[in-house]
Amino acid sequence: MDVVQHMFNPTVFVGFVVGILSLLAIAYQRSDIHTLILTDVVECAMLVIIAAVGTDLAEALILPGLVVGLAEFLAVSEILIQKNKLKKKGRKITKLFEEFLAVEEPKIDRDIDHPKMEILYSASRFISLLLVIYGAFLTGFTGGAVMSLGLLFYLLAQGITSKGISSEDIKDFWEAIVGFSGIMWALWIILGFVGFYLFPDHYVIFLLIAGGALALKVGSKLGLIGDLKF
Amino acid sequence: MDIGRLWNYISRPEIVPRLFALFLCIIMIVEFFVPTTYNEDQLYPKYPPQSQVLKSSLAPYDRGGEPLKTPADIKTQYPQFEPLRGRITAYLTPPAIWISHKTLYFGTTIVSTPGGILDEILYYTRGLDTILESLTLLVSFMIFSWLYLHRERVE
Amino acid sequence: MSLNITSIAGKFYGYIPFGDIVLYVTEFSAISFIVAIFFTLVVYFTKPEKQLESQIGGFDTLNYVSLEELKIRRLMAILCGICTAFAMLTGDLFNYALFLALIGITNIGIVAAVKKEWVLNAAYYYGLIAMISTLPLFGGAALILAKTGTLSILELAKKPYDLLFQKILYAAGVVGETGVAPFYAAKAEMFRAPGAPYILMIHLSSLLIVIRTAEILLTI
């Protein structure tokens, strides 16, 4: 523990310096979007301070800290978008997912040879399947992230190759996936977490359920962000 | 200066985050003059850095124990409430065992889940933290998707 | 081993162990738990109020909450109430900090569902404060862990530690995460916006959390 003890105070100082500088910047900042980005820097300083403790416990505590920051950032940034949209005068009623629907392509006189990204057209399904299977093999949070990467890649590739899907379909799909994610969360609590305390003898089953349910939960939820392409 | 104008100034919503940030700065400067001391008697201690490299295939995360047989010896807060202490740390899935026999760098990959010290902390000994953490993500996702899907609504 | 602590919270009734995180019940926390659960039930069973807005030189308008807005705000208010109730029982500093973050984000959700500019403005600035205050909240908990080697309130209560600065940091985090919520709820003029019962959950949770924080900081 000598190294950790030696490095503790310098690391905490670094975290505090980053925190104080970004807080001062927030105090002087007038623009909404810049303030939002600076608050994310403040959260990074928080992670540095937790990491300074330097035990396995600190390594496990970083994950909740990171996720809480991420979650608040997601909600607050969407509120900022809605707020700015309301501020504009003479607004029209927008269609669902309008900003992501393809408008007409810019006209170019000359003939430019666009190299087509072949992988998006021919192999998108295979690569996303590979990533989803690999994520299922990993399980847990990392597995969920890899799995969602696969879903995201597939949906983005579908958006580029312009498969037409109506916004009603997307709404239904969205609600179904959110429901699935919530059910997986409940499954993990009821079977994965409480099971450890009620039936300690069969802990391997609960461990596998916890890992699998978390992977599905995280994967389905982050994969939804890919839907915004349409 | 008129105190009424001061009250009016700080009652604006956009001023309060700035004042709060400034207030936090003033508090946090204390740390540089009175540094926090470090207690050596910590829970879940790590091994010294680089002490396991090329000796164990689970390199930085080898905490001892055999899968399904002997639990690892880890230092938790309340061992009397944890009948499974160290068993999840020692557990490895069959593919993970196979890979760890092939290479000495298995611990640096993320293939080691489920099982391992972090999963023991996240799923078992501090499982309530993880529940709250994923609930936070769920709630923020609800707010985000509700605002997003209902943005064409007019009052 | 005994888990008894002498604190201002009154008689120690028992504990619910979940590994390292031990929930404990004292006189104070039992009463607060019941109050929070009772008001959650009240929120669940009440219908939101409608308002008649009288206008000069025009027809009076009736403001009401649409069904979908009612659903999300009621869900957020119920989650806020349940989290407040269990935050009263928890016996771990980091767990308590996570409860606070969750209450903060449900408060944002209650306010943000109203689609009016000044309400969203208040929700946005409240969200900024909640994000900033994760630094003192989690950072303070991490510094307490580093200085004492434990996060459990029951263990911290056994020995006297000199934690003045860390406690100030932690308290500042609590103030930012839920303490300022009533200011923004009032600022959003939610009492004049339709759907009054849900907003009261913000005030109740903030009140209970501040009392509980005072109890924790005096105990450790």
# chains A, B, ... in the order shown; residues from 1 in each chain; ligands from 1

$ residues_around --residues "Val178 in chain A" --least-positions-apart "2" --cutoff "12 Å" --atoms "only C-alpha atoms" --output "compact mmCIF listing (two decimals) with N, CA and C atoms, in the first residue's frame"
# COMPACT_ATOMS: atom_id res chain seq x y z
N LYS A 171 -41.94 4.37 -32.69
CA LYS A 171 -42.49 4.63 -31.36
C LYS A 171 -42.86 3.31 -30.67
N ASP A 172 -43.52 2.43 -31.42
CA ASP A 172 -43.87 1.14 -30.85
C ASP A 172 -42.64 0.35 -30.46
N PHE A 173 -41.68 0.32 -31.38
CA PHE A 173 -40.44 -0.43 -31.14
C PHE A 173 -39.73 0.11 -29.90
N TRP A 174 -39.70 1.43 -29.81
CA TRP A 174 -39.03 2.10 -28.69
C TRP A 174 -39.67 1.68 -27.37
N GLU A 175 -40.99 1.76 -27.32
CA GLU A 175 -41.67 1.44 -26.07
C GLU A 175 -41.46 -0.02 -25.70
N ALA A 176 -41.47 -0.90 -26.71
CA ALA A 176 -41.25 -2.31 -26.44
C ALA A 176 -39.88 -2.55 -25.85
N PHE A 180 -38.80 -3.98 -22.21
CA PHE A 180 -37.92 -5.15 -22.07
C PHE A 180 -36.77 -4.85 -21.12
N SER A 181 -36.20 -3.65 -21.29
CA SER A 181 -35.09 -3.26 -20.44
C SER A 181 -35.52 -3.19 -18.97
N GLY A 182 -36.71 -2.62 -18.73
CA GLY A 182 -37.21 -2.54 -17.36
C GLY A 182 -37.47 -3.91 -16.76
N ILE A 183 -38.01 -4.83 -17.59
CA ILE A 183 -38.28 -6.19 -17.10
C ILE A 183 -36.97 -6.88 -16.74
N MET A 184 -35.92 -6.65 -17.54
CA MET A 184 -34.62 -7.25 -17.24
C MET A 184 -34.07 -6.71 -15.92
N TRP A 185 -34.31 -5.42 -15.69
CA TRP A 185 -33.85 -4.82 -14.44
C TRP A 185 -34.54 -5.50 -13.25
N LEU A 216 -28.30 -7.65 -20.98
CA LEU A 216 -29.46 -7.37 -21.83
C LEU A 216 -30.03 -5.99 -21.54
N LYS A 217 -30.04 -5.63 -20.23
CA LYS A 217 -30.58 -4.32 -19.85
C LYS A 217 -29.77 -3.19 -20.47
N VAL A 218 -28.46 -3.23 -20.22
CA VAL A 218 -27.60 -2.15 -20.72
C VAL A 218 -27.60 -2.14 -22.25
N GLY A 219 -27.53 -3.34 -22.82
CA GLY A 219 -27.45 -3.43 -24.27
C GLY A 219 -28.68 -2.90 -24.96
N SER A 220 -29.85 -3.29 -24.46
CA SER A 220 -31.08 -2.83 -25.12
C SER A 220 -31.25 -1.34 -24.96
N LYS A 221 -30.85 -0.82 -23.79
CA LYS A 221 -31.10 0.60 -23.56
C LYS A 221 -30.18 1.48 -24.39
N LEU A 222 -28.89 1.13 -24.41
CA LEU A 222 -27.98 1.97 -25.18
C LEU A 222 -28.19 1.79 -26.67
N GLY A 223 -28.67 0.59 -27.05
CA GLY A 223 -28.93 0.36 -28.46
C GLY A 223 -30.02 1.25 -29.00
N LEU A 224 -30.89 1.71 -28.10
CA LEU A 224 -32.00 2.57 -28.52
C LEU A 224 -31.52 3.88 -29.11
N ILE A 225 -30.35 4.34 -28.65
CA ILE A 225 -29.86 5.63 -29.13
C ILE A 225 -29.65 5.57 -30.64
N LEU B 137 -30.06 5.29 -14.20
CA LEU B 137 -29.98 5.30 -15.66
C LEU B 137 -31.36 5.08 -16.27
N LEU B 138 -32.14 4.18 -15.66
CA LEU B 138 -33.48 3.89 -16.16
C LEU B 138 -34.36 5.14 -16.08
N VAL B 139 -34.30 5.84 -14.93
CA VAL B 139 -35.15 7.01 -14.73
C VAL B 139 -34.76 8.12 -15.70
N PHE B 141 -33.39 7.75 -18.52
CA PHE B 141 -33.80 7.34 -19.86
C PHE B 141 -35.28 7.55 -20.06
N MET B 142 -36.08 7.33 -19.01
CA MET B 142 -37.52 7.60 -19.09
C MET B 142 -37.77 9.08 -19.37
N ILE B 143 -37.08 9.95 -18.62
CA ILE B 143 -37.28 11.38 -18.81
C ILE B 143 -36.89 11.78 -20.23
N PHE B 144 -35.72 11.28 -20.64
CA PHE B 144 -35.22 11.61 -21.97
C PHE B 144 -36.19 11.15 -23.05
N SER B 145 -36.63 9.89 -22.96
CA SER B 145 -37.46 9.39 -24.06
C SER B 145 -38.86 10.00 -24.00
N TRP B 146 -39.34 10.32 -22.80
CA TRP B 146 -40.65 10.97 -22.72
C TRP B 146 -40.60 12.34 -23.36

$ closest_atom_pairs --of "chain A" --to "chain C" --cutoff "8 Å" --atoms "only C-alpha atoms" --output "CSV"
residue,atom,partner,partner_atom,distance
A:Gly19,CA,C:Leu135,CA,7.7
A:Leu36,CA,C:Leu128,CA,6.9
A:Thr39,CA,C:Ile132,CA,5.7
A:Asp40,CA,C:Met131,CA,7.7
A:Val42,CA,C:Ile132,CA,6.4
A:Glu43,CA,C:Leu135,CA,6.0
A:Ala45,CA,C:Leu135,CA,7.1
A:Met46,CA,C:Leu135,CA,4.7
A:Leu47,CA,C:Gly139,CA,7.9
A:Ile49,CA,C:Gly139,CA,5.8
A:Ile50,CA,C:Ala142,CA,5.2
A:Val53,CA,C:Ala146,CA,5.7
A:Ala58,CA,C:Ala142,CA,7.9
A:Pro64,CA,C:Leu98,CA,7.8
A:Gly65,CA,C:Phe138,CA,7.2
A:Val68,CA,C:Ala101,CA,7.1
A:Gly69,CA,C:Met131,CA,6.7
A:Glu72,CA,C:Met131,CA,6.6
A:Phe73,CA,C:Met131,CA,7.6
A:Val76,CA,C:Gly127,CA,5.8
A:Ile79,CA,C:Tyr124,CA,6.2
A:Leu80,CA,C:Tyr124,CA,6.3
A:Gln82,CA,C:Leu120,CA,7.7
A:Lys83,CA,C:Leu120,CA,5.8
A:Leu86,CA,C:Glu117,CA,6.1
A:Lys87,CA,C:Glu117,CA,6.8
A:Tyr197,CA,C:Phe18,CA,7.5

$ residues_around --residues "Leu75 in chain C" --least-positions-apart "3" --cutoff "10 Å" --atoms "only C-alpha atoms" --output "list in words"
Val139 of chain B; Val43, Tyr44, Glu69, Leu70, Lys71, Ile72, Ile78, Leu79, Cys80, Gly81, Thr106, Gly109, Ile110 and Tyr198 of chain C

$ interface_residues --of "chain B" --to "chain C" --cutoff "6 Å" --atoms "only C-alpha atoms" --output "number ranges by chain"
B: 17, 37-39, 41-42, 77-78, 81-82, 125-126, 129, 136, 143

$ closest_atom_pairs --of "chain B" --to "chain A" --cutoff "8 Å" --atoms "only C-alpha atoms" --output "Markdown table"
| residue | atom | partner | partner_atom | distance |
| --- | --- | --- | --- | --- |
| B:Pro17 | CA | A:Ala27 | CA | 7.5 |
| B:Arg18 | CA | A:Ala27 | CA | 4.2 |
| B:Leu19 | CA | A:Ala27 | CA | 6.7 |
| B:Ala21 | CA | A:Leu23 | CA | 5.1 |
| B:Leu22 | CA | A:Ala27 | CA | 6.0 |
| B:Leu24 | CA | A:Leu23 | CA | 7.7 |
| B:Cys25 | CA | A:Ile20 | CA | 5.3 |
| B:Met28 | CA | A:Phe16 | CA | 7.1 |
| B:Ile29 | CA | A:Ile20 | CA | 8.0 |
| B:Glu31 | CA | A:Phe13 | CA | 7.9 |
| B:Phe32 | CA | A:Phe13 | CA | 7.1 |
| B:Pro35 | CA | A:Asn9 | CA | 7.0 |
| B:Thr36 | CA | A:Asn9 | CA | 7.3 |
| B:Thr37 | CA | A:Asn9 | CA | 7.9 |
| B:Tyr38 | CA | A:Gln5 | CA | 6.3 |
| B:Glu40 | CA | A:Met1 | CA | 7.1 |
| B:Gln42 | CA | A:Thr55 | CA | 7.5 |
| B:Leu43 | CA | A:Leu57 | CA | 7.0 |
| B:Tyr44 | CA | A:Asp56 | CA | 5.4 |
| B:Pro45 | CA | A:Thr55 | CA | 5.0 |
| B:Lys46 | CA | A:Thr55 | CA | 5.2 |
| B:Tyr47 | CA | A:Met1 | CA | 7.6 |
| B:Pro48 | CA | A:Met1 | CA | 6.4 |
| B:Pro83 | CA | A:Pro200 | CA | 6.9 |
| B:Leu84 | CA | A:Pro200 | CA | 6.5 |
| B:Ile88 | CA | A:Leu207 | CA | 7.8 |
| B:Ile110 | CA | A:Thr142 | CA | 7.1 |
| B:Val111 | CA | A:Leu138 | CA | 5.5 |
| B:Ser112 | CA | A:Leu138 | CA | 7.4 |
| B:Thr113 | CA | A:Leu138 | CA | 5.9 |
| B:Pro114 | CA | A:Gly211 | CA | 6.0 |
| B:Gly115 | CA | A:Leu207 | CA | 7.8 |
| B:Ile117 | CA | A:Asp56 | CA | 7.5 |
| B:Leu118 | CA | A:Ala60 | CA | 6.0 |
| B:Ile121 | CA | A:Ala60 | CA | 6.7 |
| B:Leu122 | CA | A:Ala60 | CA | 6.5 |
| B:Tyr123 | CA | A:Phe193 | CA | 6.8 |
| B:Tyr124 | CA | A:Phe193 | CA | 7.0 |
| B:Gly127 | CA | A:Phe193 | CA | 6.7 |
| B:Asp129 | CA | A:Pro64 | CA | 7.2 |
| B:Thr130 | CA | A:Pro64 | CA | 6.7 |
| B:Ile131 | CA | A:Ile189 | CA | 7.3 |
| B:Glu133 | CA | A:Pro64 | CA | 5.3 |
| B:Ser134 | CA | A:Val67 | CA | 7.8 |
| B:Thr136 | CA | A:Val68 | CA | 6.4 |
| B:Leu137 | CA | A:Ala71 | CA | 5.1 |
| B:Leu138 | CA | A:Gly182 | CA | 7.5 |
| B:Ser140 | CA | A:Ala75 | CA | 5.4 |
| B:Phe141 | CA | A:Ala75 | CA | 7.1 |
| B:Ile143 | CA | A:Ala75 | CA | 6.2 |
| B:Phe144 | CA | A:Ala75 | CA | 5.2 |
| B:Leu147 | CA | A:Glu78 | CA | 7.2 |
| B:Tyr148 | CA | A:Glu78 | CA | 7.5 |
| B:Leu149 | CA | A:Leu96 | CA | 7.2 |
| B:Arg151 | CA | A:Gln82 | CA | 7.4 |
| B:Glu152 | CA | A:Thr94 | CA | 5.7 |

$ atom_distance --atom1 "CA of Phe23 in chain B" --atom2 "CA of Lys167 in chain C"
15.4 Å

$ select_by_dssp --residues "range 20-115 of chain B" --states "alpha helix (DSSP H)" --output "list in words"
Phe20, Ala21, Leu22, Phe23, Leu24, Cys25, Ile26, Ile27, Met28, Val30, Glu31, Phe32, Phe33, Arg87, Ile88, Thr89, Ala90, Pro94, Pro95, Ala96, Ile97, Trp98, Ile99, Ser100, His101 and Lys102 of chain B

$ write_last_selection --atoms "N, CA, C and O atoms" --output "short mmCIF file (atom, residue, chain, number, x, y, z; two decimals), in the first residue's frame"
data_model
loop_
_atom_site.label_atom_id
_atom_site.label_comp_id
_atom_site.auth_asym_id
_atom_site.auth_seq_id
_atom_site.Cartn_x
_atom_site.Cartn_y
_atom_site.Cartn_z
N PHE B 20 -23.47 28.89 -6.55
CA PHE B 20 -23.16 27.62 -5.90
C PHE B 20 -21.77 27.14 -6.29
O PHE B 20 -21.02 26.65 -5.44
N ALA B 21 -21.41 27.31 -7.57
CA ALA B 21 -20.08 26.91 -8.03
C ALA B 21 -19.00 27.71 -7.31
O ALA B 21 -18.00 27.15 -6.86
N LEU B 22 -19.23 29.01 -7.18
CA LEU B 22 -18.26 29.87 -6.49
C LEU B 22 -18.11 29.47 -5.03
O LEU B 22 -17.00 29.38 -4.49
N PHE B 23 -19.25 29.19 -4.40
CA PHE B 23 -19.28 28.77 -3.00
C PHE B 23 -18.49 27.47 -2.81
O PHE B 23 -17.69 27.33 -1.88
N LEU B 24 -18.67 26.52 -3.75
CA LEU B 24 -17.94 25.25 -3.66
C LEU B 24 -16.45 25.48 -3.80
O LEU B 24 -15.66 24.84 -3.10
N CYS B 25 -16.05 26.39 -4.70
CA CYS B 25 -14.63 26.70 -4.88
C CYS B 25 -14.01 27.12 -3.56
O CYS B 25 -12.94 26.66 -3.17
N ILE B 26 -14.74 28.01 -2.86
CA ILE B 26 -14.20 28.55 -1.61
C ILE B 26 -14.04 27.43 -0.59
O ILE B 26 -13.04 27.35 0.13
N ILE B 27 -15.02 26.50 -0.54
CA ILE B 27 -14.90 25.39 0.41
C ILE B 27 -13.74 24.49 0.03
O ILE B 27 -12.95 24.07 0.86
N MET B 28 -13.61 24.20 -1.28
CA MET B 28 -12.65 23.18 -1.70
C MET B 28 -11.20 23.61 -1.54
O MET B 28 -10.31 22.77 -1.48
N VAL B 30 -9.84 24.62 1.01
CA VAL B 30 -9.36 24.17 2.33
C VAL B 30 -8.48 22.93 2.19
O VAL B 30 -7.50 22.76 2.92
N GLU B 31 -8.83 22.05 1.22
CA GLU B 31 -8.10 20.79 1.06
C GLU B 31 -6.59 21.02 0.84
O GLU B 31 -5.77 20.23 1.29
N PHE B 32 -6.22 22.13 0.19
CA PHE B 32 -4.80 22.36 -0.09
C PHE B 32 -4.03 22.75 1.17
O PHE B 32 -2.83 22.56 1.26
N PHE B 33 -4.73 23.30 2.15
CA PHE B 33 -4.04 23.70 3.38
C PHE B 33 -4.10 22.61 4.45
O PHE B 33 -3.19 22.48 5.24
N ARG B 87 -16.31 -16.30 -2.91
CA ARG B 87 -16.61 -17.35 -3.88
C ARG B 87 -16.81 -16.78 -5.28
O ARG B 87 -16.39 -17.38 -6.27
N ILE B 88 -17.49 -15.64 -5.36
CA ILE B 88 -17.70 -15.04 -6.69
C ILE B 88 -16.37 -14.52 -7.22
O ILE B 88 -16.11 -14.56 -8.42
N THR B 89 -15.50 -14.05 -6.32
CA THR B 89 -14.18 -13.60 -6.76
C THR B 89 -13.41 -14.74 -7.42
O THR B 89 -12.74 -14.56 -8.43
N ALA B 90 -13.54 -15.93 -6.84
CA ALA B 90 -12.76 -17.06 -7.36
C ALA B 90 -13.39 -17.67 -8.60
O ALA B 90 -12.72 -18.41 -9.31
N PRO B 94 -16.30 -21.49 -17.73
CA PRO B 94 -15.47 -22.44 -18.47
C PRO B 94 -14.68 -21.82 -19.62
O PRO B 94 -13.48 -22.11 -19.74
N PRO B 95 -15.28 -20.94 -20.46
CA PRO B 95 -14.43 -20.32 -21.49
C PRO B 95 -13.30 -19.48 -20.91
O PRO B 95 -12.20 -19.46 -21.44
N ALA B 96 -13.60 -18.82 -19.77
CA ALA B 96 -12.56 -17.98 -19.15
C ALA B 96 -11.41 -18.84 -18.64
O ALA B 96 -10.24 -18.47 -18.77
N ILE B 97 -11.74 -20.02 -18.09
CA ILE B 97 -10.68 -20.93 -17.62
C ILE B 97 -9.82 -21.37 -18.79
O ILE B 97 -8.58 -21.38 -18.72
N TRP B 98 -10.50 -21.69 -19.92
CA TRP B 98 -9.78 -22.16 -21.10
C TRP B 98 -8.82 -21.08 -21.61
O TRP B 98 -7.66 -21.36 -21.91
N ILE B 99 -9.31 -19.83 -21.66
CA ILE B 99 -8.46 -18.77 -22.18
C ILE B 99 -7.31 -18.49 -21.21
O ILE B 99 -6.18 -18.26 -21.62
N SER B 100 -7.60 -18.56 -19.90
CA SER B 100 -6.54 -18.22 -18.94
C SER B 100 -5.43 -19.26 -18.94
O SER B 100 -4.31 -18.96 -18.53
N HIS B 101 -5.73 -20.48 -19.43
CA HIS B 101 -4.64 -21.45 -19.56
C HIS B 101 -3.78 -21.17 -20.77
O HIS B 101 -2.63 -21.60 -20.84
N LYS B 102 -4.34 -20.44 -21.74
CA LYS B 102 -3.61 -20.22 -22.99
C LYS B 102 -2.65 -19.04 -22.88
O LYS B 102 -1.61 -19.01 -23.50
#

$ residues_around --residues "Ile220 in chain C" --least-positions-apart "2" --cutoff "10 Å" --atoms "only C-alpha atoms" --output "ChimeraX atom specification"
/C:7,152-163,167,215-218

$ atom_distance --atom1 "CA of Leu131 in chain A" --atom2 "CA of Leu149 in chain A"
7.2 Å

$ atom_distance --atom1 "CA of Ser128 in chain A" --atom2 "CA of Ser148 in chain A"
9.2 Å
